Structures are given as C-alpha cells and as structure tokens.
>>> print(open('query_31.txt').read())   # compact mmCIF, C-alpha atoms and all ligand atoms
# COMPACT_ATOMS: atom_id res chain seq x y z
CA MET A 243 0.00 0.00 0.00
CA SER A 244 1.26 3.46 -0.82
CA ALA A 245 2.40 5.94 1.78
CA CYS A 246 -0.34 8.23 0.47
CA THR A 247 -2.55 9.43 3.30
CA ALA A 248 -5.91 11.11 3.54
CA SER A 249 -4.24 14.49 3.65
CA GLN A 250 -2.84 14.49 0.12
CA PRO A 251 -4.19 13.61 -3.32
CA ILE A 252 -3.24 10.26 -4.83
CA VAL A 253 -1.20 11.87 -7.61
CA ALA A 254 1.09 13.58 -5.10
CA ALA A 255 2.98 10.29 -4.80
CA TYR A 256 3.61 9.97 -8.56
CA ASP A 257 5.35 11.66 -11.48
CA GLY A 258 3.93 9.51 -14.26
CA LEU A 259 0.59 7.96 -15.17
CA VAL A 260 -0.06 5.00 -17.48
CA CYS A 261 -3.72 5.27 -18.33
CA ASP A 262 -5.93 2.62 -19.91
CA LEU A 263 -8.43 3.86 -22.49
CA ASP A 264 -11.73 2.00 -22.86
CA GLY A 265 -13.72 2.17 -19.64
CA VAL A 266 -11.43 4.85 -18.22
CA VAL A 267 -11.22 7.73 -20.70
CA TYR A 268 -14.00 6.72 -23.05
CA ARG A 269 -16.73 4.13 -23.43
CA GLY A 270 -17.44 3.31 -27.02
CA GLY A 271 -17.40 6.67 -28.79
CA ASP A 272 -18.17 8.88 -25.79
CA ALA A 273 -15.90 10.34 -23.14
CA VAL A 274 -16.33 9.07 -19.60
CA PRO A 275 -17.81 12.17 -17.93
CA GLY A 276 -15.06 14.29 -16.39
CA ALA A 277 -12.18 12.11 -17.58
CA PRO A 278 -10.73 14.43 -20.27
CA GLU A 279 -10.87 17.39 -17.89
CA THR A 280 -9.09 15.42 -15.17
CA LEU A 281 -6.34 14.38 -17.58
CA GLN A 282 -5.89 17.98 -18.76
CA ARG A 283 -5.55 19.09 -15.15
CA LEU A 284 -3.02 16.35 -14.35
CA VAL A 285 -0.84 17.27 -17.32
CA ALA A 286 -1.11 20.97 -16.44
CA ASP A 287 0.09 20.07 -12.95
CA GLY A 288 3.22 18.46 -14.42
CA ILE A 289 2.26 14.78 -14.36
CA ARG A 290 3.67 12.81 -17.30
CA LEU A 291 0.95 10.85 -19.07
CA VAL A 292 0.82 8.01 -21.59
CA TYR A 293 -2.06 5.80 -22.62
CA ALA A 294 -1.45 2.05 -22.75
CA THR A 295 -3.91 -0.07 -24.69
CA ASN A 296 -4.11 -3.76 -25.49
CA ASN A 297 -5.94 -2.77 -28.68
CA ALA A 298 -3.45 -3.66 -31.42
CA SER A 299 -5.63 -3.06 -34.43
CA ARG A 300 -5.74 0.74 -34.45
CA VAL A 301 -2.78 2.95 -35.32
CA ALA A 302 -1.58 5.27 -32.56
CA GLY A 303 -2.39 8.40 -34.55
CA ASP A 304 -6.05 7.42 -34.85
CA VAL A 305 -6.27 6.77 -31.14
CA ALA A 306 -4.60 10.10 -30.34
CA ALA A 307 -6.96 11.92 -32.70
CA GLN A 308 -9.97 10.34 -30.99
CA LEU A 309 -8.64 11.32 -27.57
CA ALA A 310 -8.02 14.89 -28.71
CA SER A 311 -11.53 15.08 -30.16
CA LEU A 312 -12.89 14.14 -26.74
CA GLY A 313 -10.83 16.87 -25.09
CA ALA A 314 -8.10 14.66 -23.60
CA PRO A 315 -4.44 15.64 -23.95
CA ALA A 316 -2.83 13.35 -26.54
CA THR A 317 -0.19 13.27 -29.23
CA ASP A 318 0.72 10.20 -31.29
CA ALA A 319 3.69 9.54 -29.00
CA ASP A 320 1.41 9.43 -25.95
CA VAL A 321 -0.30 6.24 -27.14
CA VAL A 322 1.49 2.97 -26.37
CA SER A 323 -0.17 -0.10 -27.88
CA SER A 324 0.35 -3.83 -27.49
CA ALA A 325 1.32 -3.87 -31.19
CA GLN A 326 4.13 -1.43 -30.40
CA ALA A 327 5.22 -3.57 -27.45
CA GLY A 328 5.27 -6.60 -29.74
CA ALA A 329 7.27 -4.77 -32.40
CA ALA A 330 9.74 -3.55 -29.76
CA ARG A 331 10.14 -7.10 -28.52
CA LEU A 332 10.88 -8.35 -32.03
CA ARG A 333 13.29 -5.49 -32.74
CA GLY A 334 15.26 -6.65 -29.70
CA GLU A 335 15.81 -10.00 -31.38
CA LEU A 336 15.99 -9.11 -35.07
CA PRO A 337 18.15 -6.78 -37.16
CA ALA A 338 16.70 -3.67 -38.76
CA GLY A 339 15.00 -4.53 -42.04
CA ALA A 340 14.01 -8.05 -40.95
CA ARG A 341 10.72 -9.23 -42.42
CA VAL A 342 7.82 -9.99 -40.11
CA LEU A 343 4.41 -11.38 -40.98
CA ALA A 344 1.88 -8.74 -39.89
CA LEU A 345 -1.17 -10.77 -38.93
CA GLY A 346 -3.77 -8.28 -37.74
CA GLY A 347 -5.07 -4.78 -38.32
CA ALA A 348 -3.28 -1.68 -39.54
CA GLY A 349 -1.82 -1.04 -36.10
CA VAL A 350 0.27 -4.21 -36.30
CA ALA A 351 1.96 -3.32 -39.60
CA GLN A 352 2.52 0.28 -38.56
CA ALA A 353 4.13 -0.74 -35.29
CA LEU A 354 6.60 -2.94 -37.18
CA THR A 355 7.48 -0.13 -39.55
CA GLY A 356 7.92 2.18 -36.58
CA VAL A 357 10.84 0.13 -35.21
CA GLY A 358 12.56 -0.47 -38.53
CA LEU A 359 11.14 -3.92 -39.28
CA VAL A 360 9.42 -4.71 -42.58
CA PRO A 361 5.81 -5.90 -42.34
CA VAL A 362 4.82 -8.65 -44.74
CA GLN A 363 1.16 -9.22 -45.54
CA PRO A 364 -0.04 -12.84 -45.59
CA ALA A 365 -0.95 -12.54 -49.27
CA ASP A 366 2.69 -11.80 -50.10
CA VAL A 367 4.25 -14.93 -48.56
CA ASP A 368 5.48 -17.42 -51.13
CA PHE A 369 5.90 -21.10 -50.23
CA ASP A 370 8.08 -22.44 -53.04
CA GLY A 371 5.55 -21.44 -55.63
CA MET A 372 2.66 -23.19 -53.90
CA ARG A 373 -0.52 -21.15 -53.54
CA SER A 374 -3.13 -21.00 -50.89
CA PRO A 375 -6.55 -21.32 -52.46
CA ALA A 376 -7.50 -18.12 -50.63
CA HIS A 377 -5.04 -15.91 -52.49
CA PRO A 378 -4.08 -15.31 -56.10
CA PRO A 379 -0.52 -16.17 -57.19
CA ALA A 380 1.06 -12.75 -56.80
CA ARG A 381 3.61 -13.36 -54.06
CA SER A 382 6.88 -11.64 -53.54
CA VAL A 383 8.41 -12.75 -50.22
CA PRO A 384 9.85 -16.28 -49.84
CA ALA A 385 8.56 -17.84 -46.62
CA ALA A 386 12.12 -18.63 -45.53
CA GLU A 387 12.86 -14.89 -45.42
CA VAL A 388 10.09 -14.15 -42.91
CA SER A 389 11.77 -14.10 -39.50
CA ALA A 390 8.78 -13.66 -37.22
CA VAL A 391 5.01 -13.43 -36.87
CA LEU A 392 3.36 -10.57 -35.00
CA GLN A 393 -0.27 -11.43 -34.34
CA GLY A 394 -2.85 -8.91 -33.15
CA PHE A 395 -6.54 -8.43 -33.57
CA GLY A 396 -7.73 -7.49 -37.04
CA ARG A 397 -11.29 -7.53 -38.23
CA ASN A 398 -10.24 -8.30 -41.81
CA VAL A 399 -7.94 -11.24 -41.08
CA SER A 400 -9.24 -14.15 -43.14
CA VAL A 401 -9.22 -17.93 -42.90
CA GLY A 402 -6.69 -17.88 -45.72
CA ASP A 403 -4.44 -15.56 -43.67
CA PHE A 404 -4.56 -17.95 -40.72
CA GLU A 405 -3.68 -20.84 -43.03
CA ILE A 406 -0.61 -18.98 -44.26
CA ALA A 407 0.43 -18.06 -40.72
CA ALA A 408 -0.04 -21.66 -39.54
CA ARG A 409 2.11 -22.92 -42.36
CA LEU A 410 4.75 -20.28 -41.76
CA LEU A 411 4.88 -21.17 -38.07
CA THR A 412 5.94 -24.72 -38.95
CA LEU A 413 9.18 -23.20 -40.28
CA GLY A 414 10.10 -21.97 -36.79
CA PRO A 415 9.95 -18.16 -36.86
CA ILE A 416 9.61 -16.12 -33.66
CA TRP A 417 5.92 -15.74 -32.77
CA VAL A 418 4.68 -12.82 -30.71
CA GLY A 419 1.05 -12.17 -29.78
CA THR A 420 0.11 -8.58 -28.98
CA ASN A 421 -2.39 -9.50 -26.25
CA ASP A 422 -4.32 -12.52 -25.07
CA ASP A 423 -7.67 -11.02 -24.12
CA ALA A 424 -10.00 -13.96 -24.71
CA THR A 425 -13.00 -11.80 -25.51
CA LEU A 426 -13.74 -8.44 -27.04
CA PRO A 427 -16.70 -6.49 -25.66
CA LEU A 428 -19.12 -5.36 -28.37
CA PRO A 429 -22.41 -3.55 -27.86
CA TRP A 430 -24.36 -6.82 -28.08
CA GLY A 431 -22.03 -8.79 -25.80
CA ARG A 432 -18.79 -10.76 -26.06
CA SER A 433 -17.04 -11.67 -29.27
CA PRO A 434 -13.73 -13.53 -29.75
CA GLY A 435 -10.71 -11.44 -28.81
CA ASN A 436 -7.09 -11.82 -29.88
CA GLY A 437 -6.51 -14.50 -27.25
CA ALA A 438 -9.08 -16.69 -28.97
CA TYR A 439 -7.30 -16.23 -32.30
CA LEU A 440 -3.93 -16.99 -30.70
CA ASP A 441 -5.44 -20.23 -29.39
CA LEU A 442 -6.84 -21.03 -32.81
CA LEU A 443 -3.43 -20.76 -34.41
CA ALA A 444 -1.70 -22.48 -31.48
CA VAL A 445 -3.87 -25.55 -31.96
CA ALA A 446 -2.89 -25.75 -35.60
CA ALA A 447 0.78 -24.89 -35.11
CA GLY A 448 1.42 -27.01 -32.03
CA ARG A 449 3.25 -24.18 -30.25
CA ARG A 450 2.47 -21.04 -28.24
CA PRO A 451 3.38 -17.39 -28.84
CA VAL A 452 5.09 -14.98 -26.49
CA VAL A 453 2.49 -12.37 -25.43
CA VAL A 454 3.38 -8.76 -24.58
CA GLY A 455 0.10 -6.95 -23.75
CA LYS A 456 -1.38 -6.49 -20.30
CA PRO A 457 -1.25 -8.41 -17.92
CA HIS A 458 2.20 -9.35 -19.25
CA PRO A 459 4.87 -6.80 -18.30
CA PRO A 460 6.29 -5.67 -21.69
CA LEU A 461 3.52 -3.17 -22.54
CA TYR A 462 3.77 -1.44 -19.16
CA ARG A 463 7.58 -1.47 -19.45
CA LEU A 464 7.39 0.20 -22.85
CA ALA A 465 5.06 2.78 -21.31
CA LEU A 466 7.63 3.42 -18.57
CA ASP A 467 10.32 3.93 -21.21
CA ARG A 468 8.06 6.41 -22.98
CA LEU A 469 7.33 8.26 -19.74
CA GLY A 470 10.88 8.30 -18.45
CA THR A 471 9.64 7.96 -14.88
CA PRO A 472 10.77 5.26 -12.42
CA ALA A 473 8.34 2.45 -11.64
CA SER A 474 8.17 3.55 -8.02
CA ARG A 475 6.86 6.98 -9.09
CA THR A 476 4.48 5.72 -11.79
CA LEU A 477 0.82 4.80 -11.35
CA ALA A 478 -1.11 2.47 -13.66
CA VAL A 479 -4.80 3.31 -14.05
CA GLY A 480 -7.34 0.90 -15.49
CA ASP A 481 -10.78 -0.66 -15.22
CA ARG A 482 -10.02 -4.34 -15.86
CA LEU A 483 -8.69 -6.38 -12.97
CA ALA A 484 -7.28 -9.27 -15.02
CA THR A 485 -5.33 -7.04 -17.39
CA ASP A 486 -4.74 -3.50 -16.07
CA ILE A 487 -4.47 -4.26 -12.35
CA ASP A 488 -2.80 -7.68 -12.44
CA GLY A 489 -0.46 -6.37 -15.14
CA ALA A 490 0.55 -3.43 -12.97
CA ARG A 491 1.51 -5.78 -10.18
CA ALA A 492 3.52 -7.93 -12.62
CA ALA A 493 5.38 -4.80 -13.71
CA ASP A 494 5.91 -3.60 -10.11
CA LEU A 495 3.64 -0.58 -10.51
CA ASP A 496 1.08 0.78 -8.09
CA SER A 497 -2.40 0.74 -9.58
CA ALA A 498 -5.63 2.69 -9.39
CA TRP A 499 -8.68 0.61 -10.23
CA VAL A 500 -11.36 2.81 -11.80
CA LEU A 501 -14.99 1.73 -11.61
CA THR A 502 -16.24 3.47 -14.78
CA GLY A 503 -15.52 0.38 -16.89
CA VAL A 504 -16.31 -3.31 -16.92
CA ASP A 505 -15.37 -4.59 -13.45
CA LEU A 506 -17.18 -3.82 -10.20
CA PRO A 507 -16.62 -4.71 -6.52
CA SER A 508 -18.43 -8.05 -6.95
CA ASP A 509 -15.83 -8.93 -9.58
CA LEU A 510 -12.87 -8.02 -7.37
CA VAL A 511 -13.86 -10.22 -4.44
CA VAL A 512 -13.69 -13.41 -6.52
CA THR A 513 -10.19 -12.69 -7.87
CA GLN A 514 -6.77 -12.45 -6.27
CA SER A 515 -6.29 -8.92 -7.65
CA SER A 516 -5.05 -6.24 -5.29
CA PRO A 517 -5.31 -2.69 -6.64
CA THR A 518 -3.42 -0.06 -4.64
CA TYR A 519 -6.35 2.35 -4.90
CA VAL A 520 -10.05 1.90 -5.62
CA ILE A 521 -11.59 5.00 -7.21
CA ALA A 522 -14.98 5.55 -8.77
CA ALA A 523 -13.65 7.79 -11.52
CA LEU A 524 -10.41 9.44 -12.68
CA GLY A 525 -11.20 12.69 -10.88
CA GLU A 526 -10.50 11.03 -7.54
CA LEU A 527 -6.79 10.98 -8.42
CA LEU A 528 -6.89 14.67 -7.54
CA ALA A 529 -8.53 14.12 -4.17
CA PRO A 530 -7.23 12.95 -0.79
CA TYR A 531 -7.48 9.19 -0.40
CA ALA A 532 -8.28 7.51 2.88
CA VAL A 533 -6.71 4.07 3.20
CA PRO A 534 -8.96 1.50 4.95
CA GLN A 535 -7.77 0.51 8.41
CA ARG A 536 -8.89 -2.37 10.57
CA VAL A 537 -10.02 -1.15 14.00
CA GLY A 538 -11.35 -3.83 16.32
CA ASP A 539 -13.76 -6.00 14.37
CA GLU A 540 -14.52 -3.43 11.69
CA TRP A 541 -12.89 -1.68 8.76
CA ARG A 542 -12.82 2.10 8.73
CA CYS A 543 -12.18 4.38 5.80
CA GLY A 544 -12.59 8.09 6.38
CA ARG A 545 -15.94 8.37 8.14
CA ALA A 546 -17.18 4.96 7.05
CA ALA A 547 -17.12 1.87 9.26
CA VAL A 548 -18.06 -1.56 7.89
CA ALA A 549 -17.91 -5.01 9.44
CA HIS A 550 -18.27 -8.48 7.94
CA ALA A 551 -20.55 -10.60 10.13
CA ASP A 552 -22.38 -13.88 9.74
CA ALA A 553 -25.36 -11.94 8.45
CA GLY A 554 -23.24 -10.32 5.77
CA LEU A 555 -21.76 -6.89 5.23
CA VAL A 556 -22.86 -4.41 7.91
CA VAL A 557 -22.41 -0.67 7.48
CA ARG A 558 -22.05 0.61 11.02
CA GLN A 559 -21.38 4.13 9.92
CA GLY A 560 -21.83 5.56 6.48
CA SER A 561 -20.01 8.49 4.97
CA SER A 562 -20.85 11.51 2.89
CA GLU A 563 -18.14 10.12 0.58
CA PRO A 564 -19.73 6.97 -0.88
CA MET A 565 -16.37 5.58 -1.97
CA GLU A 566 -15.21 5.51 1.64
CA THR A 567 -18.03 3.07 2.34
CA VAL A 568 -17.08 1.05 -0.75
CA ARG A 569 -13.41 0.90 0.25
CA ALA A 570 -14.20 -0.10 3.83
CA GLY A 571 -16.65 -2.73 2.57
CA LEU A 572 -14.15 -4.09 0.06
CA ALA A 573 -11.43 -4.27 2.70
CA ALA A 574 -13.79 -6.30 4.91
CA LEU A 575 -14.72 -8.62 2.05
CA LEU A 576 -11.12 -9.11 0.90
CA GLU A 577 -10.19 -10.07 4.43
CA ALA A 578 -13.06 -12.57 4.38
CA ARG A 579 -11.81 -13.81 1.01
CA ASP A 580 -8.37 -14.41 2.45
CA THR A 581 -9.82 -16.33 5.39
CA GLY A 582 -11.87 -18.72 3.31
CA ALA A 583 -15.30 -17.22 2.54
CA THR A 584 -16.80 -18.82 -0.55
CA PRO A 585 -16.68 -16.92 -3.85
CA ALA A 586 -20.45 -17.20 -4.28
CA ARG A 587 -21.11 -15.58 -0.91
CA LEU A 588 -18.49 -12.88 -1.43
CA ARG A 589 -19.89 -11.98 -4.82
CA ASP A 590 -23.39 -11.84 -3.43
CA GLU A 591 -22.34 -9.62 -0.53
CA ALA A 592 -20.32 -7.32 -2.76
CA ARG A 593 -23.30 -6.57 -4.99
CA THR A 594 -24.48 -4.01 -2.47
CA LEU A 595 -21.20 -2.16 -3.06
CA ASP A 596 -21.79 -2.42 -6.80
CA ARG A 597 -25.05 -0.57 -6.28
CA VAL A 598 -23.35 2.18 -4.30
CA VAL A 599 -20.92 2.66 -7.18
CA GLU A 600 -23.62 2.56 -9.83
CA GLN A 601 -25.72 5.16 -8.02
CA LEU A 602 -22.68 7.35 -7.43
CA LEU A 603 -21.68 7.25 -11.10
CA ALA A 604 -25.27 7.86 -12.16
CA GLY A 605 -25.26 10.99 -10.01
CA GLY A 606 -27.90 9.61 -7.65
CA GLN A 607 -28.03 9.45 -3.89
CA GLU A 608 -25.73 7.00 -2.22
CA PRO A 609 -27.91 4.43 -0.42
CA THR A 610 -25.69 3.74 2.59
CA ASP A 611 -24.93 7.39 3.32
CA HIS A 612 -25.84 7.63 6.94
CA HIS A 613 -24.22 9.67 9.64
CA ASP A 614 -24.14 8.54 13.20
CA ASP A 615 -22.20 11.07 15.17
CA HIS A 616 -22.85 9.28 18.43
CA GLY A 617 -21.04 6.05 17.81
CA GLY A 618 -21.26 2.80 15.96
CA HIS A 619 -24.66 1.52 17.00
CA ASP A 620 -26.57 2.32 13.89
CA GLU A 621 -25.96 -1.02 12.27
CA ARG A 622 -27.72 -1.78 9.03
CA SER A 623 -27.22 -4.92 7.12
CA VAL A 624 -26.86 -3.98 3.48
CA ALA A 625 -26.40 -7.48 2.18
CA ASN A 626 -29.12 -9.21 0.20
CA ARG A 627 -31.26 -6.14 -0.25
MG MG B 701 -10.23 -0.77 -20.21
>>> encode(input="query_31.txt", output="structure tokens")
Amino acid sequence: MSACTASQPIVAAYDGLVCDLDGVVYRGGDAVPGAPETLQRLVADGIRLVYATNNASRVAGDVAAQLASLGAPATDADVVSSAQAGAARLRGELPAGARVLALGGAGVAQALTGVGLVPVQPADVDFDGMRSPAHPPARSVPAAEVSAVLQGFGRNVSVGDFEIAARLLTLGPIWVGTNDDATLPLPWGRSPGNGAYLDLLAVAAGRRPVVVGKPHPPLYRLALDRLGTPASRTLAVGDRLATDIDGARAADLDSAWVLTGVDLPSDLVVTQSSPTYVIAALGELLAPYAVPQRVGDEWRCGRAAVAHADAGLVVRQGSSEPMETVRAGLAALLEARDTGATPARLRDEARTLDRVVEQLLAGGQEPTDHHDDHGGHDERSVANR
C-alpha cells in the first residue's frame, strides 16, 4: 500500500501515469464524464501521461486523434499499444529490415514499420511457388525470409491468412502475440478477442506465442520507457482487474482501479487482484485518499465503518463520501476472502457495493450514506437487499 494518506491527493505520490483507455477515458465513442478534464488538469500540474492499450488493431495516430476530439491531452507519441510492445520485442531480437508477418489490423503493420522492421502481408508470402486457395498467385516474399510473426486483432484477417500463418509457423519463426484477451466487448455482448485467435493458431501450429500486452509486463515497461519515470513513481490506471491491475503488479507498478468500466466490486472479491487504490472515476486521483484501516472488528475508511458478520456486510457508519463506504466494505470482504469465505457468498455480498458505485456514477443518492455522530450503533445490514 502506498504511503499516500488522507491528507494528500493520490497523484502527489507519482510523477507519471499509465492510463488505460476504454472504460477509463471513453466508453465506445463517448468520453467518460469528467475524464478528459481530469487528464488535462493532471498534465497541467506536471504529471507525465501516456495511454497504454491492449488494442493492437488501431494505429496510434487514430487513437490520439480520438482522444483529442474528446478533449483529452494526446499526441501520437502518448499512445502505447500492445502492437508497439510486440514490435519492440521483435526489434530486440531481429536486425533492422528483418521481415515480419503482420497478422492483424493496420496497427500491427505500422508498429513494425515504426521500429525499422518490414511488415509482410499474408498474401505476399510465397511457399516455393505453392498457392493458398485463398489468395491469387502474386507473391513476392519467400517464406524462408520471414523471421517472425506478430499477431494482433484485425477484423479483416481471413481464414486464408490464418492458413498462411499456420504454415509459416511450422518453419520456426519467432511468434509474438500482442495480447491474449480472450474476448472483445461489443455492444451486443462478447465476441472472440485476440486471445481466442492466438489459441486457434496455437492448436494448428502445435506451439504457443510470447504475449506482450497487459497483464504481461512488456507493454507497461514500454510505457515506462516512454514516460521516463521510475516504476516507483508511476501509477497504472485501469478498469479491468485481469489485465490492467494484475499487469501493474507484474510490472511492479502501483495501480488505481477505476470503476467506470467493466469490473465492479463483486468482480474483485472473486479474484486475487489487489489494486493499490479503488476509485470511482479518474477525478479522484486529484482528491485525498483515505486508506482503509482495521479497527477492532470493523474496517474504517474516512468516516465509514463496515464489518463483515455472519449476516453479511454491515455498514455501522456511512459516509458523505460513498467511496469511503465502498473501500471499507471491500477491505472487509477481501479479508473474508483471504480467510476462506466462498466466492459465491463474497460476490453476493459485494453486490451491495456495486449498487453504491452505480448510483454514485449515475449521479444519484448514495444508499448507505448515513451519519451517526454518536457512535457505531446504527448497524444496518446492506447485504441481500
Ligand atoms: Mg479498459
């Protein structure tokens, strides 16, 4: 846990910020309310900022342009992608000018070019004059001259492209996957992510790629290089526990888990994730942060006091700061997690904290806000409501 106390804002302990994008700065095409303004303020205050995204398909310039259009501070160099981390990894093993199969969207090929490697499209690989039925015979690069495969998500990658990559992989080139997110969230639900396509090719090729995106350390390490700040003075910010938060720990970075994205308290309590900070939205980076403390049989955070009893989570004292109640409640549940409470029960009990967050982010009244200036005898069970 950081030395940060309730008397200073979270950012006071850091010089650099590695910020996730979807679920933190924007959701779909819209800005997360207040996020661009917070980022502008942080940069104005002298904090170094880069964005780190597992999305390998888009080129950095497009991402930066989208951020700028939403009012967030961004140049092309501020966007660090898993495709760039993959290209950097390959450049560490290959000479300039080496040819690499670019299996994925435009971001994959551009990242290779950016480090002095030469992207090769699947349609251009020649296997001793033999043709894939998916492509016409207009090939220019002998398969033996392709030193590596960089695989990232690309909506236009075809079955024929996978066949060429699978065949190429039998020749033994280096194989790097940009990220292994199993699913990709779309408006209607979950679709296959790059991890699913890595698995598809792994089954055919009988081998596994090296993966560089979050939660693996290389993407965060590239972001640190870009920032020029030491790990001890750099904070990773993200909404996904399994990628952003677990990746930060793997890279020895403190992390702020933001609740404007996909994961909620009921998700945290069934993982082994341990974010340094739990914040509802980016703006809380600029506010004092009270660290939960165990006092007697309860957890206190700021004015909030929460205990975990047989009946469930009990808010003994609420707070005018809803997130203090959430943090105290989470601390109580994580302690219960570590002492053997079942995942099903923990998830059920944490749903009441989900609702606090959802109402807070919706701008509504916080349901457990309840002052008791005379002591801790105003117990209310908030579980199972
Ligand atoms: Mg995200």
>>> residues_around(input="query_31.txt", residues="stretch 569-575 of chain A", least_positions_apart="3", cutoff="8 Å", atoms="all atoms listed in the file", output="list in words")
Pro507, Val511, Val520, Val533, Pro534, Gln535, Glu540, Trp541, Arg542, Cys543, Ala546, Ala547, Val548, Ala549, His550, Leu555, Val557, Met565, Glu566, Ala578, Arg579, Leu588, Ala592 and Leu595 of chain A
>>> write_last_selection(input="query_31.txt", atoms="C-alpha atoms", output="PDB file, in the coordinates of the input")
ATOM      1  CA  PRO A 507     -16.620  -4.710  -6.520  1.00  0.00           C
ATOM      2  CA  VAL A 511     -13.860 -10.220  -4.440  1.00  0.00           C
ATOM      3  CA  VAL A 520     -10.050   1.900  -5.620  1.00  0.00           C
ATOM      4  CA  VAL A 533      -6.710   4.070   3.200  1.00  0.00           C
ATOM      5  CA  PRO A 534      -8.960   1.500   4.950  1.00  0.00           C
ATOM      6  CA  GLN A 535      -7.770   0.510   8.410  1.00  0.00           C
ATOM      7  CA  GLU A 540     -14.520  -3.430  11.690  1.00  0.00           C
ATOM      8  CA  TRP A 541     -12.890  -1.680   8.760  1.00  0.00           C
ATOM      9  CA  ARG A 542     -12.820   2.100   8.730  1.00  0.00           C
ATOM     10  CA  CYS A 543     -12.180   4.380   5.800  1.00  0.00           C
ATOM     11  CA  ALA A 546     -17.180   4.960   7.050  1.00  0.00           C
ATOM     12  CA  ALA A 547     -17.120   1.870   9.260  1.00  0.00           C
ATOM     13  CA  VAL A 548     -18.060  -1.560   7.890  1.00  0.00           C
ATOM     14  CA  ALA A 549     -17.910  -5.010   9.440  1.00  0.00           C
ATOM     15  CA  HIS A 550     -18.270  -8.480   7.940  1.00  0.00           C
ATOM     16  CA  LEU A 555     -21.760  -6.890   5.230  1.00  0.00           C
ATOM     17  CA  VAL A 557     -22.410  -0.670   7.480  1.00  0.00           C
ATOM     18  CA  MET A 565     -16.370   5.580  -1.970  1.00  0.00           C
ATOM     19  CA  GLU A 566     -15.210   5.510   1.640  1.00  0.00           C
ATOM     20  CA  ALA A 578     -13.060 -12.570   4.380  1.00  0.00           C
ATOM     21  CA  ARG A 579     -11.810 -13.810   1.010  1.00  0.00           C
ATOM     22  CA  LEU A 588     -18.490 -12.880  -1.430  1.00  0.00           C
ATOM     23  CA  ALA A 592     -20.320  -7.320  -2.760  1.00  0.00           C
ATOM     24  CA  LEU A 595     -21.200  -2.160  -3.060  1.00  0.00           C
TER      25      LEU A 595
END
>>> residues_around(input="query_31.txt", residues="stretch 247-258 of chain A", least_positions_apart="3", cutoff="9 Å", atoms="all atoms listed in the file", output="MDAnalysis selection string")
chainID A and resid 244 284 288:292 466 469:478 519 526:533 544
>>> write_last_selection(input="query_31.txt", atoms="C-alpha atoms", output="short mmCIF file (atom, residue, chain, number, x, y, z; two decimals), keeping the file's coordinate frame")
data_model
loop_
_atom_site.label_atom_id
_atom_site.label_comp_id
_atom_site.auth_asym_id
_atom_site.auth_seq_id
_atom_site.Cartn_x
_atom_site.Cartn_y
_atom_site.Cartn_z
CA SER A 244 1.26 3.46 -0.82
CA LEU A 284 -3.02 16.35 -14.35
CA GLY A 288 3.22 18.46 -14.42
CA ILE A 289 2.26 14.78 -14.36
CA ARG A 290 3.67 12.81 -17.30
CA LEU A 291 0.95 10.85 -19.07
CA VAL A 292 0.82 8.01 -21.59
CA LEU A 466 7.63 3.42 -18.57
CA LEU A 469 7.33 8.26 -19.74
CA GLY A 470 10.88 8.30 -18.45
CA THR A 471 9.64 7.96 -14.88
CA PRO A 472 10.77 5.26 -12.42
CA ALA A 473 8.34 2.45 -11.64
CA SER A 474 8.17 3.55 -8.02
CA ARG A 475 6.86 6.98 -9.09
CA THR A 476 4.48 5.72 -11.79
CA LEU A 477 0.82 4.80 -11.35
CA ALA A 478 -1.11 2.47 -13.66
CA TYR A 519 -6.35 2.35 -4.90
CA GLU A 526 -10.50 11.03 -7.54
CA LEU A 527 -6.79 10.98 -8.42
CA LEU A 528 -6.89 14.67 -7.54
CA ALA A 529 -8.53 14.12 -4.17
CA PRO A 530 -7.23 12.95 -0.79
CA TYR A 531 -7.48 9.19 -0.40
CA ALA A 532 -8.28 7.51 2.88
CA VAL A 533 -6.71 4.07 3.20
CA GLY A 544 -12.59 8.09 6.38
#
>>> residues_near_ligand(input="query_31.txt", ligand="ligand MG 701 (chain B)", cutoff="9 Å", atoms="only C-alpha atoms and all ligand atoms", output="PyMOL selection string")
chain A and resi 262-269+295-296+480-482+485-486+503-504
>>> atom_distance(input="query_31.txt", atom1="atom CA of A:Val453", atom2="atom CA of A:Pro384")
25.8 Å
>>> residues_around(input="query_31.txt", residues="A:Ala438", least_positions_apart="6", cutoff="10 Å", atoms="only C-alpha atoms", output="ChimeraX atom specification")
/A:395,422-426,444
>>> residues_around(input="query_31.txt", residues="A:Pro278", least_positions_apart="6", cutoff="8 Å", atoms="only C-alpha atoms", output="count of residues only")
5
>>> closest_residue(input="query_31.txt", among="A:Ser508, A:Gly448, A:Glu335, A:Ser516", to="A:Arg491", atoms="all atoms listed in the file")
A:Ser516
>>> residues_near_point(input="query_31.txt", point="(-9.3, -11.1, -41.3)", cutoff="12 Å", atoms="all atoms listed in the file", output="list in words")
Ser299, Ala344, Leu345, Gly346, Gly347, Ala348, Gln363, Pro364, Ala365, Ala376, Gln393, Gly394, Phe395, Gly396, Arg397, Asn398, Val399, Ser400, Val401, Gly402, Asp403, Phe404, Glu405, Ala407, Asn436 and Tyr439 of chain A
>>> closest_residue(input="query_31.txt", among="A:Asp505, A:Val388, A:Ser561, A:Leu332", to="A:Arg593", atoms="all atoms listed in the file")
A:Asp505
